[in-house]
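J.: One file: protein11.csv (CSV, C-alpha atoms).
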```
chain,number,residue,atom,x,y,z
A,1,MET,CA,-27.7,-36.3,-140.2
A,2,LEU,CA,-26.9,-37.5,-136.6
A,3,ARG,CA,-28.5,-40.9,-137.4
A,4,SER,CA,-26.2,-41.4,-140.4
A,5,LEU,CA,-23.2,-40.3,-138.4
A,6,PHE,CA,-24.0,-42.8,-135.6
A,7,LYS,CA,-24.6,-45.5,-138.3
A,8,LYS,CA,-21.2,-44.7,-139.9
A,9,LEU,CA,-19.4,-44.4,-136.6
A,10,PRO,CA,-21.1,-46.7,-134.1
A,11,HIS,CA,-18.3,-46.4,-131.6
A,12,ILE,CA,-19.0,-42.7,-131.3
A,13,TYR,CA,-21.4,-43.6,-128.5
A,14,TYR,CA,-18.4,-44.3,-126.3
A,15,LEU,CA,-18.1,-40.5,-125.9
A,16,ALA,CA,-20.9,-40.8,-123.4
A,17,GLY,CA,-18.3,-42.1,-121.0
A,18,LEU,CA,-16.5,-38.7,-121.2
A,19,LEU,CA,-19.7,-37.0,-120.0
A,20,ILE,CA,-20.4,-39.5,-117.3
A,21,LEU,CA,-16.9,-39.3,-115.8
A,22,SER,CA,-16.8,-35.5,-116.1
A,23,GLY,CA,-20.1,-35.5,-114.1
A,24,LEU,CA,-18.5,-37.7,-111.5
A,25,TYR,CA,-15.6,-35.2,-111.2
A,26,PHE,CA,-18.0,-32.4,-110.4
A,27,VAL,CA,-19.8,-34.5,-107.9
A,28,ALA,CA,-16.5,-35.3,-106.2
A,29,SER,CA,-15.7,-31.6,-106.2
A,30,ARG,CA,-18.9,-30.8,-104.4
A,31,LEU,CA,-18.6,-33.5,-101.8
A,32,ILE,CA,-15.1,-32.6,-100.8
A,33,VAL,CA,-14.3,-32.6,-97.0
A,34,ASN,CA,-11.0,-31.6,-95.3
A,35,PRO,CA,-8.9,-31.4,-98.5
A,36,THR,CA,-5.1,-31.4,-98.4
A,37,VAL,CA,-3.6,-28.1,-99.6
A,38,VAL,CA,-1.2,-28.5,-102.5
A,39,HIS,CA,1.2,-25.5,-102.6
A,40,LEU,CA,4.8,-25.4,-103.6
A,41,THR,CA,7.2,-22.5,-103.4
A,42,LEU,CA,7.5,-22.6,-107.2
A,43,ASP,CA,3.8,-21.9,-107.5
A,44,ASP,CA,4.4,-18.5,-105.9
A,45,VAL,CA,7.1,-17.7,-108.4
A,46,ILE,CA,5.0,-18.4,-111.4
A,47,PRO,CA,3.0,-15.3,-112.4
A,48,PHE,CA,-0.7,-15.0,-113.0
A,49,VAL,CA,-1.1,-14.6,-116.8
A,50,PRO,CA,-4.7,-14.1,-117.8
A,51,ALA,CA,-3.9,-14.7,-121.5
A,52,PHE,CA,-3.4,-18.4,-120.7
A,53,ILE,CA,-7.1,-18.7,-120.0
A,54,ILE,CA,-7.5,-19.1,-123.8
A,55,PRO,CA,-5.8,-22.4,-124.1
A,56,TYR,CA,-7.3,-23.4,-120.8
A,57,ILE,CA,-10.8,-22.9,-122.2
A,58,LEU,CA,-10.0,-24.4,-125.6
A,59,TRP,CA,-9.2,-27.6,-123.8
A,60,TYR,CA,-13.0,-28.2,-123.7
A,61,LEU,CA,-12.9,-28.3,-127.5
A,62,TYR,CA,-9.5,-30.0,-128.0
A,63,ILE,CA,-10.4,-33.2,-126.2
A,64,PRO,CA,-13.7,-34.0,-128.0
A,65,LEU,CA,-12.1,-32.9,-131.3
A,66,LEU,CA,-9.2,-35.4,-131.0
A,67,PHE,CA,-11.7,-38.1,-129.9
A,68,ILE,CA,-13.8,-37.6,-133.1
A,69,LEU,CA,-10.7,-37.3,-135.4
A,70,THR,CA,-9.4,-40.6,-134.0
A,71,CYS,CA,-12.8,-42.3,-134.4
A,72,LEU,CA,-12.8,-41.2,-138.1
A,73,LYS,CA,-9.3,-42.5,-138.6
A,74,SER,CA,-9.3,-45.8,-136.7
A,75,THR,CA,-11.9,-47.6,-134.7
A,76,ARG,CA,-9.2,-49.6,-132.9
A,77,ALA,CA,-7.3,-46.4,-132.0
A,78,PHE,CA,-10.5,-44.8,-130.8
A,79,ASP,CA,-11.2,-47.8,-128.5
A,80,GLN,CA,-7.7,-47.5,-127.2
A,81,MET,CA,-8.2,-43.8,-126.6
A,82,CYS,CA,-11.4,-44.4,-124.7
A,83,VAL,CA,-9.8,-47.1,-122.5
A,84,SER,CA,-6.7,-45.0,-121.8
A,85,VAL,CA,-8.6,-41.8,-121.0
A,86,TYR,CA,-11.5,-43.3,-119.1
A,87,SER,CA,-9.3,-45.6,-117.0
A,88,GLY,CA,-7.1,-42.6,-116.1
A,89,MET,CA,-10.1,-40.4,-115.3
A,90,LEU,CA,-11.6,-43.1,-113.1
A,91,PHE,CA,-8.3,-43.5,-111.3
A,92,CYS,CA,-8.2,-39.7,-110.7
A,93,ILE,CA,-11.8,-39.7,-109.5
A,94,ILE,CA,-11.0,-42.4,-107.0
A,95,ILE,CA,-8.1,-40.3,-105.8
A,96,PHE,CA,-10.4,-37.3,-105.5
A,97,PHE,CA,-12.7,-39.2,-103.2
A,98,VAL,CA,-10.0,-40.9,-101.1
A,99,PHE,CA,-7.4,-38.1,-101.0
A,100,PRO,CA,-9.1,-34.8,-101.8
A,101,THR,CA,-6.8,-31.8,-102.5
A,102,ALA,CA,-7.1,-28.1,-103.0
A,103,ILE,CA,-5.0,-25.0,-103.8
A,104,ASP,CA,-5.0,-21.8,-101.8
A,105,PHE,CA,-3.2,-19.4,-104.1
A,106,ARG,CA,-5.8,-18.4,-106.7
A,107,PRO,CA,-5.8,-14.6,-107.0
A,108,GLU,CA,-8.8,-12.3,-106.7
A,109,VAL,CA,-9.8,-11.4,-110.2
A,110,SER,CA,-11.1,-7.9,-110.8
A,111,GLY,CA,-11.2,-5.8,-114.0
A,112,ASN,CA,-13.2,-5.4,-117.1
A,113,SER,CA,-10.9,-6.9,-119.7
A,114,VAL,CA,-12.2,-9.9,-121.6
A,115,LEU,CA,-9.4,-12.2,-120.4
A,116,LEU,CA,-10.1,-11.3,-116.7
A,117,ARG,CA,-13.8,-11.8,-117.2
A,118,LEU,CA,-13.1,-15.2,-118.6
A,119,CYS,CA,-10.9,-16.0,-115.7
A,120,GLY,CA,-13.6,-15.0,-113.3
A,121,ILE,CA,-16.1,-17.3,-115.1
A,122,ILE,CA,-13.8,-20.3,-114.9
A,123,PHE,CA,-13.0,-19.6,-111.3
A,124,ALA,CA,-16.7,-19.5,-110.5
A,125,ILE,CA,-17.4,-22.8,-112.4
A,126,ASP,CA,-14.3,-24.8,-111.7
A,127,GLN,CA,-13.6,-24.6,-107.9
A,128,PRO,CA,-10.0,-25.0,-106.7
A,129,PHE,CA,-10.6,-28.5,-105.4
A,130,ASN,CA,-9.5,-32.0,-106.4
A,131,VAL,CA,-6.5,-30.6,-108.2
A,132,PHE,CA,-4.1,-33.6,-108.0
A,133,PRO,CA,-3.5,-34.9,-110.6
A,134,SER,CA,-4.6,-32.4,-113.2
A,135,LEU,CA,-7.3,-33.8,-115.5
A,136,HIS,CA,-6.5,-31.0,-118.0
A,137,CYS,CA,-3.0,-32.2,-118.3
A,138,PHE,CA,-3.8,-35.9,-118.2
A,139,GLU,CA,-6.4,-35.8,-120.9
A,140,SER,CA,-4.5,-33.4,-123.2
A,141,VAL,CA,-1.3,-35.5,-123.2
A,142,CYS,CA,-3.2,-38.8,-123.4
A,143,VAL,CA,-5.4,-38.0,-126.4
A,144,HIS,CA,-2.4,-36.5,-128.2
A,145,LEU,CA,-0.3,-39.6,-127.7
A,146,VAL,CA,-3.1,-42.0,-129.0
A,147,ALA,CA,-4.2,-39.7,-131.9
A,148,PHE,CA,-0.7,-39.1,-133.2
A,149,ARG,CA,0.9,-42.4,-132.5
A,150,GLN,CA,-1.8,-44.9,-133.3
A,151,THR,CA,-3.5,-43.5,-136.4
A,152,SER,CA,-2.5,-42.2,-139.8
A,153,LEU,CA,-2.4,-38.7,-138.2
A,154,SER,CA,1.2,-39.7,-137.2
A,155,LYS,CA,2.2,-39.0,-140.8
A,156,ARG,CA,0.8,-35.4,-140.6
A,157,THR,CA,4.0,-33.8,-139.1
A,158,GLY,CA,2.5,-30.3,-139.1
A,159,TRP,CA,-0.7,-31.5,-137.3
A,160,ARG,CA,1.4,-33.6,-134.8
A,161,ILE,CA,3.6,-30.7,-133.9
A,162,ALA,CA,0.7,-28.3,-133.6
A,163,SER,CA,-1.1,-30.7,-131.3
A,164,ALA,CA,2.0,-31.2,-129.2
A,165,ILE,CA,2.4,-27.5,-128.8
A,166,PHE,CA,-1.2,-27.0,-128.0
A,167,ALA,CA,-1.2,-29.8,-125.4
A,168,SER,CA,1.9,-28.2,-123.8
A,169,LEU,CA,0.1,-24.8,-123.8
A,170,ILE,CA,-2.9,-26.4,-122.0
A,171,CYS,CA,-0.6,-27.9,-119.4
A,172,ALA,CA,1.2,-24.5,-118.9
A,173,SER,CA,-2.1,-22.7,-118.7
A,174,THR,CA,-3.2,-24.6,-115.6
A,175,VAL,CA,-0.4,-23.0,-113.6
A,176,PHE,CA,-0.4,-19.6,-115.3
A,177,VAL,CA,-4.1,-19.1,-114.5
A,178,LYS,CA,-3.6,-20.5,-111.0
A,179,GLN,CA,-5.9,-23.5,-111.4
A,180,HIS,CA,-3.2,-26.0,-110.4
A,181,SER,CA,0.1,-26.4,-108.7
A,182,VAL,CA,3.2,-27.6,-110.6
A,183,VAL,CA,2.9,-30.9,-108.8
A,184,ASP,CA,-0.6,-31.4,-110.3
A,185,VAL,CA,0.8,-30.9,-113.8
A,186,VAL,CA,3.6,-33.4,-113.2
A,187,GLY,CA,1.1,-35.9,-111.8
A,188,GLY,CA,-1.3,-35.5,-114.7
A,189,VAL,CA,1.4,-35.8,-117.4
A,190,LEU,CA,3.0,-38.9,-115.8
A,191,LEU,CA,-0.4,-40.6,-115.4
A,192,ALA,CA,-1.0,-39.9,-119.1
A,193,PHE,CA,2.1,-41.7,-120.2
A,194,VAL,CA,1.5,-44.6,-117.8
A,195,ALA,CA,-2.1,-45.1,-119.0
A,196,TYR,CA,-1.1,-44.8,-122.6
A,197,PHE,CA,1.7,-47.4,-122.5
A,198,MET,CA,-0.2,-49.8,-120.3
A,199,VAL,CA,-3.2,-49.8,-122.6
A,200,CYS,CA,-0.9,-50.0,-125.6
A,201,LYS,CA,0.6,-53.2,-124.1
A,202,VAL,CA,-2.8,-54.7,-123.5
A,203,PHE,CA,-4.1,-53.9,-127.0
A,204,MET,CA,-0.8,-55.2,-128.5
A,205,LYS,CA,-1.2,-58.5,-126.7
A,206,ASP,CA,-4.8,-58.8,-127.9
A,207,GLN,CA,-3.8,-58.1,-131.4
A,208,LYS,CA,-1.1,-60.7,-131.3
A,209,ALA,CA,-3.5,-63.2,-129.8
A,210,LYS,CA,-6.1,-62.6,-132.6
A,211,ALA,CA,-3.4,-62.8,-135.2
A,212,LYS,CA,-2.3,-66.2,-133.8
A,213,VAL,CA,-5.9,-67.5,-133.9
A,214,ARG,CA,-6.3,-66.3,-137.5
A,215,ALA,CA,-3.0,-68.0,-138.4
A,216,GLN,CA,-4.2,-71.3,-136.8
A,217,LYS,CA,-7.5,-71.1,-138.7
A,218,ASP,CA,-5.6,-70.5,-142.0
A,219,VAL,CA,-3.5,-73.6,-141.3
A,220,LEU,CA,-6.6,-75.7,-140.6
A,221,HIS,CA,-8.3,-74.4,-143.7
A,222,GLY,CA,-5.2,-75.3,-145.7
A,223,GLU,CA,-5.1,-78.8,-144.3
A,224,THR,CA,-8.9,-79.2,-145.1
A,225,ASP,CA,-8.4,-78.2,-148.7
A,226,LEU,CA,-5.7,-80.8,-149.0
```
Reformat the file's structure so that it appears as structure tokens.

T.:
Amino acid sequence: MLRSLFKKLPHIYYLAGLLILSGLYFVASRLIVNPTVVHLTLDDVIPFVPAFIIPYILWYLYIPLLFILTCLKSTRAFDQMCVSVYSGMLFCIIIFFVFPTAIDFRPEVSGNSVLLRLCGIIFAIDQPFNVFPSLHCFESVCVHLVAFRQTSLSKRTGWRIASAIFASLICASTVFVKQHSVVDVVGGVLLAFVAYFMVCKVFMKDQKAKAKVRAQKDVLHGETDL
């Protein structure tokens, strides 16, 4: 089954880049030294809402799901998604090594509710380091933009709205579960738009160049036939 999937979607191998870069993120988080604390007054105003741990965790499914859906819809859009997300992730990782950051306002989690237990697990796995810009926000917005602007999914209004709402919930979850500062969210979202539009521009130029070459070949073939 997997062999037939890889044969049908050879570009699916590019998903390995997501695993590699995620691994580099955790390496950067473990090697952090003297991080700069990111803490705004607004961060103290925003309450800790354990329920937001649900969209925060579902991010781990949302990202690969949109990668796979995009690959099924358009190879070119999938390539564009890979370049946009991977280049942005690499940029973030460089920042993490050069300018490490941390937050100091995560609450102590205690209680037996499912939501609090989930928060405790995430807090234990995902340490409060290398928070700027937020990869949760960057990746969520970036995959949404590519999937619903560069494929036939753009015609699925319901899906597009649902994805936009979910991406927004993921961004909100990062501050409501105290994993990020507001400035991290802003940085992640801005980076997503920059990466998306820059890669769009590159792919558009490439498409125009290929179209020009094809047009020239058609002209030459036409002259030859004459």

J.: Residues of segment 110-197 of chain A within 12 Å of segment 14-26 of chain A: nearest atom pair and distance (Å, one decimal) for each, counting only C-alpha atoms, sorted by chain and number, as a Markdown table?

T.:
```
| residue | atom | partner | partner_atom | distance |
| --- | --- | --- | --- | --- |
| A:Ile125 | CA | A:Phe26 | CA | 9.8 |
| A:Asp126 | CA | A:Phe26 | CA | 8.6 |
| A:Gln127 | CA | A:Phe26 | CA | 9.3 |
| A:Pro128 | CA | A:Phe26 | CA | 11.5 |
| A:Phe129 | CA | A:Phe26 | CA | 9.7 |
| A:Asn130 | CA | A:Tyr25 | CA | 8.4 |
| A:Val131 | CA | A:Tyr25 | CA | 10.6 |
| A:Ser134 | CA | A:Tyr25 | CA | 11.5 |
| A:Leu135 | CA | A:Tyr25 | CA | 9.5 |
| A:His136 | CA | A:Ser22 | CA | 11.4 |
| A:Glu139 | CA | A:Leu18 | CA | 10.5 |
```

J.: Atom CA of His180 of chain A and atom CA of Ala51 of chain A, how far apart in Å?

T.: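 Answer for the atom CA of Ala51 of chain A to atom CA of His180 of chain A separation: 15.9 Å.
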
J.: For a test of reading the model, state the distance in Å between atom CA of Leu69 of chain A and atom CA of Met204 of chain A, rounded to one decimal.

T.: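 That distance, rounded to one decimal, is 21.6 Å.
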
J.: In Å, how far is it from atom CA of Asp184 of chain A to atom CA of Ser110 of chain A?

T.: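 Those two atoms sit 25.7 Å apart.
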
J.: Just checking: using only C-alpha atoms, which residue out of A:Phe48, A:Tyr56, A:Phe78, A:Phe99 ends up closest to Ile12 of chain A?

T.: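 Using only C-alpha atoms, Ile12 of chain A sits closest to A:Phe78.
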
J.: Near segment 34-38 of chain A, counting all atoms listed in the file, which residues have an atom at most 8 Å away, once you skip same-chain residues fewer than 2 positions from it, shown as a ChimeraX atom specification?

T.: /A:32,40,99-104,129-130,181,183

J.: For Cys82 of chain A, which of A:Trp59, A:Ser152, A:Ala147, A:Val49 is the closest residue, counting only C-alpha atoms?

T.: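 Among the listed residues, the smallest separation from Cys82 of chain A belongs to A:Ala147.
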
J.: For Ser154 of chain A, which residue among A:Lys73, A:Phe52, A:Ser29, A:Val98 is the nearest when counting only C-alpha atoms?

T.: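 For Ser154 of chain A, the nearest of the given residues is A:Lys73.
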
J.: As a ChimeraX atom specification, please: the residues near Val189 of chain A (cut-off 7 Å, only C-alpha atoms, same-chain neighbours under 4 positions excluded).

T.: /A:137-138,141,185,193

J.: Excluding Gln150 of chain A and its own-chain neighbours fewer than 6 positions away, which residues fall within 9 Å of it when counting only C-alpha atoms? Please give them as a list in words.

T.: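 Neighbouring residues, sequence-local ones excluded: Thr70, Ser74, Arg76, Ala77 and Gln80 of chain A.
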
J.: Restricting the calculation to only C-alpha atoms: of A:Cys200, A:Val177, A:Ile46, A:Leu61, which residue gets closest to Pro107 of chain A?

T.: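 Answer, going by the shortest atom-to-atom distance: A:Val177.
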
J.: Let me make sure I understand: among A:Leu42, A:Ala28, A:Ile122, A:Ala195, which one has the smallest atom-to-atom distance to Val85 of chain A if we use all atoms listed in the file?

T.: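 For Val85 of chain A, the nearest of the given residues is A:Ala195.
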
J.: Select, counting all atoms listed in the file, all protein, DNA and RNA residues no farther than 9 Å from (-8.2, -21.2, -122.0) in file coordinates, and express the selection as a list in words.

T.: Pro50, Ala51, Phe52, Ile53, Ile54, Pro55, Tyr56, Ile57, Leu58, Trp59, Tyr60, Leu118, Cys119, Ile170, Ser173, Thr174 and Val177 of chain A

J.: Write out, as a short mmCIF file (atom, residue, chain, number, x, y, z; two decimals), keeping the file's coordinate frame, the residues just selected, with C-alpha atoms.

T.:
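What ended up in out26.cif:
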```
data_model
loop_
_atom_site.label_atom_id
_atom_site.label_comp_id
_atom_site.auth_asym_id
_atom_site.auth_seq_id
_atom_site.Cartn_x
_atom_site.Cartn_y
_atom_site.Cartn_z
CA PRO A 50 -4.70 -14.10 -117.80
CA ALA A 51 -3.90 -14.70 -121.50
CA PHE A 52 -3.40 -18.40 -120.70
CA ILE A 53 -7.10 -18.70 -120.00
CA ILE A 54 -7.50 -19.10 -123.80
CA PRO A 55 -5.80 -22.40 -124.10
CA TYR A 56 -7.30 -23.40 -120.80
CA ILE A 57 -10.80 -22.90 -122.20
CA LEU A 58 -10.00 -24.40 -125.60
CA TRP A 59 -9.20 -27.60 -123.80
CA TYR A 60 -13.00 -28.20 -123.70
CA LEU A 118 -13.10 -15.20 -118.60
CA CYS A 119 -10.90 -16.00 -115.70
CA ILE A 170 -2.90 -26.40 -122.00
CA SER A 173 -2.10 -22.70 -118.70
CA THR A 174 -3.20 -24.60 -115.60
CA VAL A 177 -4.10 -19.10 -114.50
#
```

J.: Please rebuild segment 161-178 of chain A with N, CA, C and O atoms and return the result as a CSV table (one decimal), in the coordinates of the input.

T.:
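Okay, this is what ended up in result-v3.csv:
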```csv
chain,number,residue,atom,x,y,z
A,161,ILE,N,2.9,-31.7,-134.6
A,161,ILE,CA,3.6,-30.7,-133.9
A,161,ILE,C,2.7,-29.6,-133.3
A,161,ILE,O,2.8,-29.2,-132.2
A,162,ALA,N,1.7,-29.2,-134.1
A,162,ALA,CA,0.7,-28.3,-133.6
A,162,ALA,C,-0.1,-28.8,-132.4
A,162,ALA,O,-0.3,-28.1,-131.4
A,163,SER,N,-0.4,-30.1,-132.5
A,163,SER,CA,-1.1,-30.7,-131.3
A,163,SER,C,-0.2,-30.8,-130.1
A,163,SER,O,-0.7,-30.5,-129.0
A,164,ALA,N,1.0,-31.1,-130.3
A,164,ALA,CA,2.0,-31.2,-129.2
A,164,ALA,C,2.1,-29.9,-128.5
A,164,ALA,O,2.2,-29.8,-127.3
A,165,ILE,N,2.3,-28.8,-129.4
A,165,ILE,CA,2.4,-27.5,-128.8
A,165,ILE,C,1.2,-27.1,-128.1
A,165,ILE,O,1.3,-26.5,-127.0
A,166,PHE,N,0.0,-27.4,-128.6
A,166,PHE,CA,-1.2,-27.0,-128.0
A,166,PHE,C,-1.4,-27.7,-126.7
A,166,PHE,O,-1.9,-27.1,-125.7
A,167,ALA,N,-1.1,-29.0,-126.6
A,167,ALA,CA,-1.2,-29.8,-125.4
A,167,ALA,C,-0.3,-29.2,-124.3
A,167,ALA,O,-0.6,-29.1,-123.2
A,168,SER,N,0.9,-28.8,-124.8
A,168,SER,CA,1.9,-28.2,-123.8
A,168,SER,C,1.3,-26.8,-123.3
A,168,SER,O,1.5,-26.5,-122.1
A,169,LEU,N,0.7,-26.1,-124.2
A,169,LEU,CA,0.1,-24.8,-123.8
A,169,LEU,C,-1.0,-25.0,-122.7
A,169,LEU,O,-1.2,-24.2,-121.8
A,170,ILE,N,-1.8,-26.0,-123.0
A,170,ILE,CA,-2.9,-26.4,-122.0
A,170,ILE,C,-2.3,-26.7,-120.7
A,170,ILE,O,-2.8,-26.2,-119.6
A,171,CYS,N,-1.2,-27.5,-120.7
A,171,CYS,CA,-0.6,-27.9,-119.4
A,171,CYS,C,0.0,-26.6,-118.7
A,171,CYS,O,-0.2,-26.5,-117.5
A,172,ALA,N,0.6,-25.8,-119.5
A,172,ALA,CA,1.2,-24.5,-118.9
A,172,ALA,C,0.1,-23.6,-118.4
A,172,ALA,O,0.2,-23.0,-117.4
A,173,SER,N,-1.0,-23.6,-119.1
A,173,SER,CA,-2.1,-22.7,-118.7
A,173,SER,C,-2.7,-23.0,-117.3
A,173,SER,O,-3.1,-22.1,-116.6
A,174,THR,N,-2.6,-24.3,-116.9
A,174,THR,CA,-3.2,-24.6,-115.6
A,174,THR,C,-2.4,-24.0,-114.5
A,174,THR,O,-3.0,-23.7,-113.4
A,175,VAL,N,-1.1,-23.7,-114.7
A,175,VAL,CA,-0.4,-23.0,-113.6
A,175,VAL,C,-0.3,-21.5,-113.8
A,175,VAL,O,-0.3,-20.8,-112.8
A,176,PHE,N,-0.4,-21.0,-115.0
A,176,PHE,CA,-0.4,-19.6,-115.3
A,176,PHE,C,-1.7,-18.9,-115.0
A,176,PHE,O,-1.8,-17.7,-114.8
A,177,VAL,N,-2.8,-19.7,-114.9
A,177,VAL,CA,-4.1,-19.1,-114.5
A,177,VAL,C,-4.4,-19.5,-113.1
A,177,VAL,O,-5.5,-19.3,-112.6
A,178,LYS,N,-3.5,-20.1,-112.4
A,178,LYS,CA,-3.6,-20.5,-111.0
A,178,LYS,C,-4.7,-21.5,-110.7
A,178,LYS,O,-5.4,-21.4,-109.7
```
